[in-house]
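J.: Input: one structure, supplied below.
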Number of protein chains: 4
Amino acid sequence: LTLSSKLRVGVIGAGRIGAIHAENLAGRVPGAEVAAIADIHLPAAEALAARLNVPAAAAEYQSMLADPTIQAVIICSSTDTHARLIEAAAAAGKHIFCEKPIDFDLGRTDRALAAAAQAGVKLQIGFNRRFDPNFRKAREVVAAGKIGAPHLLRITSRDPAPPPLEYIKVSGGIFLDMAIHDFDMARYLMDSEVVEVFATGAVLVDPAIGEVGDVDTAVTVLRFANGAIGAIDNSRRAVYGYDQRVEVFGSAGVVAISNNAADNAVVSDAQGVHAGLPLYFFLERYAESYAAEMQAFVTAVREDLTPPVSGAAGRAAMVIGLAAKKSLAENRPVRVDAAL
Amino acid sequence: LTLSSKLRVGVIGAGRIGAIHAENLAGRVPGAEVAAIADIHLPAAEALAARLNVPAAAAEYQSMLADPTIQAVIICSSTDTHARLIEAAAAAGKHIFCEKPIDFDLGRTDRALAAAAQAGVKLQIGFNRRFDPNFRKAREVVAAGKIGAPHLLRITSRDPAPPPLEYIKVSGGIFLDMAIHDFDMARYLMDSEVVEVFATGAVLVDPAIGEVGDVDTAVTVLRFANGAIGAIDNSRRAVYGYDQRVEVFGSAGVVAISNNAADNAVVSDAQGVHAGLPLYFFLERYAESYAAEMQAFVTAVREDLTPPVSGAAGRAAMVIGLAAKKSLAENRPVRVDAAL
Amino acid sequence: LTLSSKLRVGVIGAGRIGAIHAENLAGRVPGAEVAAIADIHLPAAEALAARLNVPAAAAEYQSMLADPTIQAVIICSSTDTHARLIEAAAAAGKHIFCEKPIDFDLGRTDRALAAAAQAGVKLQIGFNRRFDPNFRKAREVVAAGKIGAPHLLRITSRDPAPPPLEYIKVSGGIFLDMAIHDFDMARYLMDSEVVEVFATGAVLVDPAIGEVGDVDTAVTVLRFANGAIGAIDNSRRAVYGYDQRVEVFGSAGVVAISNNAADNAVVSDAQGVHAGLPLYFFLERYAESYAAEMQAFVTAVREDLTPPVSGAAGRAAMVIGLAAKKSLAENRPVRVDAAL
Amino acid sequence: LTLSSKLRVGVIGAGRIGAIHAENLAGRVPGAEVAAIADIHLPAAEALAARLNVPAAAAEYQSMLADPTIQAVIICSSTDTHARLIEAAAAAGKHIFCEKPIDFDLGRTDRALAAAAQAGVKLQIGFNRRFDPNFRKAREVVAAGKIGAPHLLRITSRDPAPPPLEYIKVSGGIFLDMAIHDFDMARYLMDSEVVEVFATGAVLVDPAIGEVGDVDTAVTVLRFANGAIGAIDNSRRAVYGYDQRVEVFGSAGVVAISNNAADNAVVSDAQGVHAGLPLYFFLERYAESYAAEMQAFVTAVREDLTPPVSGAAGRAAMVIGLAAKKSLAENRPVRVDAAL
């Protein structure tokens, strides 16, 4: 591996998730370097570029796409720009990593996916949890047949605190913003398509969330093509921290994933036996997965491999989310193919 | 406590569960003694009586009810006899412990409950899991407000092996035979009524179970009056043993119960870290709870207390089961008050 | 098993441990019944007899030994009476269960063992921990070769609170009173004799314990005949409860035993993840083992088997304790055969 | 933080541990850069330099010391060169990070420490485990008084496989090569000096280790100045992987650290409940601690702070190791101040 062969990457969006990806590309992913950073808020792009010693920062992404030495882009801007940027990057012949979701509109999603396919560029969607060592191990166990044929899937996915109301208003709601990760995880672990969804929800955390038309607590039941059944529970606020567990039960056994903590110290005193809380939120819990995800994208581009999370996967999770939303609204099970 | 003051109890039904109750009354419950055992299969009654040094065994229960020195009966015969026996025992002025379910028919159930109420005898239903130290602790934690207001309930309840097909045919199906315990547990833990049920199921364990009109794998979603949501998953066959876990999540935390094993030895070898399986089935896992349940009944009678599991609780779990059955059949959520 | 064939047992000593054994014999050990209870404090004998419906209570043990229908005695009186009572019971042809230790004096110990051997009566010593399901499982794992050849043994044995000073004064000290159980456990788990001991101790819990010539905190290193090394740590006061753990490490793996709690509920709140304390003390932790120990003794007598804990085992643990005491006093390793 | 302000560091020794430090300095420690790499085996220095894009590689360290732009050196060469290199680097005014042990000879150790002190350069010794999140948490718990006054310390420290015999011959033996980390951990956790040591050992893993005069299995008892007692057990081969646990027990509770695994997946099947093995060895288990250790050194130099692991700490652990060696040889407790 020589310096000259490093994949030159542009990062679009210098917010929290853009910064994570840029940092990983700069420091933890051999074979890549950040060549440029773009953000509509120029000072954000400049600050991140300065911090990571990146030579170019801009308020627009066009110069990045025009730079023939840049081979790939990481799209971390707001969701409403994703589809348009995928199309523009594909037109410029850049390989693409795009944060989830692709778009709330399936038509725009499909046009973006078609543009990437037609341009022959690689496209990877940001379902980072697939790269978490725990979930990956669960997937391996299931795929290796160690639990036999899957019968039941349980996912617990609870955030430590709700996002700002302003975000919730434009996020698409709990199913498209938060549970979409769980829908992808369900497909990843079960290796079977979801065919029907029943979702129910409640406003128990904060009435203001209800006032903007969302729920903050939800249970979603999934029916899979292979006959298995899944149950996901979500909450916008677990006071004890980020709660991210899965369990796949099958004819020959069960595999279960628990939370990670900052350390494994256990203190016993006169009151009880005490351990530390789960890692607080996604930045802590999924730090490794973000780095591994970038590594996988860079490797896919450099070695001409199929990226591990396709555009179709991004679309599939979105469709499940739309079905869940409809199910909640109509209080009935909804076929996924009828959610379109 | 003197010998003469012992509560004299008759046991009706000398099958597996009748034997457990009789043994506990004979050896582990101070303040009670088994005065008579009845079973339509006389040799079963006689064998159990001989083993436990019980003076009377009969093929009919009438002599037991006619014996004025017997103050209470334990009804462990087949489900179709429960309602009738409750009425007969109540008419005879005996206090009653009755195994669940009371009856598959709500009309008969109501008549039996009315008979016991009118006779002023105590009636306790056999939801033994409430007396398990783990679940009781979960209940205490929730009741003490330590997890705040309950938002989500998760119950995993999986048997190690399905019962005989002949049993499944007359058992009322997975919701009335097996999940009914979980419905009672849900009410016990949440201290709130279930108002709506959505149930889905599949035949994944044994096609023969499907052929007799039942499912062997199920997920049931419960909506509670207090706004909380529950999800229960059931399977008729967990190869690793009896899987009995609950979790109650609330505004201030979560309490979780895991399985019990025969010992806590952990062996690490070159292949991995290994612990023993969960206790195999209810006889092992709930041994303590059966004894505590009998003790509670005997104490309630002797000290004139309200029995801890009322006839109304038996009825309520049954109604949830009927709603679940209807929900499965119609693939839609069913209001519990509409299940009648 | 008929009533007439029940083993008739006399219990000598109606204190805490005598009561446990009598209760187990009366209620939980099929095949035995308590025929008489003796205690130099007659009211104690009478109260226990009344509670368990035992027909005979006395202030002396001679009438018990003279009763030809009594086949076995349980010696639970104070340590200084053990050797004498063994000799008397042996002379009367009674089978004997004797609490540990046999005697602080090896000469008296040997005479007692010889008396039992000569009389041909069975003698079992009260090392109840061997009957604990956890430790028994550890022993089975080791004996089955699952961890290969044993290399290292670790025992943690800490009481929740020190006994009264008056007891400590006559108890023989921490090594003969408390760690003697661990010395027996070491022999039981390793199936190899201890050949050398190094003990060190400190007074960290209560200066008064030091003033009566004992230590309250100790670490003992054992060298086994098979080459393995053990380390035991003891404390008279663990504020979190009875801490009883062992670990055997070998060429092919390790087996570890942890503490038991009253329930397995885990509560996560904003402060941390909390579980319940270990069972408080030996009455709770070893309840099952006391019953199993009595059952084993009764079975050994009734079926003419070798009792599972021999008099030689009682003597061997005592000799290790004496070596530990000497080692502490002289601050040097002591050969066990030189401790005599 | 600008590029120009980065601490320029030279790495001496391009073996396994040198490579870890160089990689961390190059990629994971902001505020530092590797300016030069030296190794007596020039190709090793060149390969590492090429891989990390380091501009200078040499077979000798003198040019590095002569470079006025290099402010610090990392000494990772063989143990016999440590003392000499510390003196040379101190003379050149470079800050020093030196791997443990400083030297097997206390006179040379003292001269090296004096040289660093006289030159006024910072010196940090490579006890990386202090930077492990688990052990650091244990230290914090103890230091915060949460377990009260420490009474007992238990350390289990077992390697997955012995080093090559050639290494064992020159390593100083199990106490100076392997247990020295545990001796430092003991001082770190207890914050009290070790005053007396009793060590015992055996050759149970490989007779060849005994033939070169070492043991492969050991138990070491430590007496601390504060009255507490510690017990360490070591093995050169745990087939289940690197076993690194500690426990500090005190008047108000206990804190325990367990092993880390690659993931937390638990699989239950018909045979048992299975989890993954501990991380294989120090490279995996202590990856984070190596990075944090370098970060701490760089921060200490840049911000003119006292390095967290002093030369005196390096010397103290060595002296305990010498006392343990003497104790093993003479089979008696050895005062640490008498080990010199």
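Labels used: A, B, ... for chains in the order of the structure tokens, numbers from 1 for residues in each chain, and numbers from 1 for ligands as shown.
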For the interface of chain D with chain A (cut-off 7 Å, counting only C-alpha atoms), please tabulate each contacting residue of chain D alongside its nearest pair of atoms and their separation in Å to one decimal, rows sorted by chain and increasing number, as CSV.
T.:
```
residue,atom,partner,partner_atom,distance
D:Gly27,CA,A:Gly27,CA,5.4
D:Arg28,CA,A:Gly27,CA,6.8
D:Pro133,CA,A:Asp263,CA,5.8
D:Asn134,CA,A:Asp263,CA,4.9
D:Lys137,CA,A:Ala265,CA,6.7
D:Ala138,CA,A:Ala265,CA,6.4
D:Ala252,CA,A:Asp269,CA,6.0
D:Gly253,CA,A:Asp269,CA,4.3
D:Val254,CA,A:Ser268,CA,5.3
D:Val255,CA,A:Val267,CA,4.4
D:Ala256,CA,A:Val266,CA,5.3
D:Ile257,CA,A:Ala265,CA,4.8
D:Ser258,CA,A:Asn264,CA,6.4
D:Asp263,CA,A:Asn134,CA,5.0
D:Asn264,CA,A:Asn134,CA,6.0
D:Ala265,CA,A:Ile257,CA,4.8
D:Val266,CA,A:Ala256,CA,5.3
D:Val267,CA,A:Val255,CA,4.4
D:Ser268,CA,A:Val254,CA,5.3
D:Asp269,CA,A:Gly253,CA,4.3
D:Ala270,CA,A:Gly253,CA,6.9
```
J.: Pick out the residues sitting within 6 Å of D:Ile37, and hand them over as an mmCIF file with N, CA, C and O atoms, in the first residue's frame; count only C-alpha atoms, and ignore anything fewer than 6 positions along from it in its own chain.
T.:
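To be explicit, this is the file written out as out_30.cif:
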```cif
data_model
loop_
_atom_site.group_PDB
_atom_site.id
_atom_site.type_symbol
_atom_site.label_atom_id
_atom_site.label_comp_id
_atom_site.auth_asym_id
_atom_site.auth_seq_id
_atom_site.Cartn_x
_atom_site.Cartn_y
_atom_site.Cartn_z
ATOM 1 N N GLY D 10 10.916 9.857 18.577
ATOM 2 C CA GLY D 10 11.695 8.798 17.962
ATOM 3 C C GLY D 10 11.398 7.476 18.648
ATOM 4 O O GLY D 10 11.256 7.430 19.872
ATOM 5 N N VAL D 11 11.300 6.425 17.865
ATOM 6 C CA VAL D 11 11.025 5.108 18.435
ATOM 7 C C VAL D 11 12.265 4.230 18.272
ATOM 8 O O VAL D 11 12.777 4.062 17.158
ATOM 9 N N ILE D 12 12.770 3.695 19.379
ATOM 10 C CA ILE D 12 13.947 2.828 19.358
ATOM 11 C C ILE D 12 13.501 1.393 19.594
ATOM 12 O O ILE D 12 13.012 1.052 20.659
ATOM 13 N N ALA D 45 13.527 -1.506 10.976
ATOM 14 C CA ALA D 45 13.272 -0.067 11.113
ATOM 15 C C ALA D 45 12.727 0.506 9.815
ATOM 16 O O ALA D 45 11.763 1.287 9.805
ATOM 17 N N ALA D 57 14.767 6.273 9.129
ATOM 18 C CA ALA D 57 14.981 4.959 9.719
ATOM 19 C C ALA D 57 16.485 4.738 9.818
ATOM 20 O O ALA D 57 17.245 5.108 8.908
#
```
J.: Kindly indicate which residue among D:Asp233, D:Asp243, D:Asp206, D:Asp67 lies nearest to C:Arg154, using only C-alpha atoms for the distances.
T.: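 The shortest atom-to-atom distance to C:Arg154 comes from D:Asp233.
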J.: Write down as a count of residues only the residues of stretch 155-337 of chain B whose backbone DSSP state falls under helix (DSSP H, G or I).
T.: 69
J.: Within 12 Å of B:Met185, counting only C-alpha atoms, which residues show up once you throw out same-chain ones fewer than 2 positions away? Write them as an MDAnalysis selection string, please.
T.: chainID B and resid 127:132 134:136 138:139 153:157 178:183 187:194 230 232 244:248 309 313:314 316:317 320
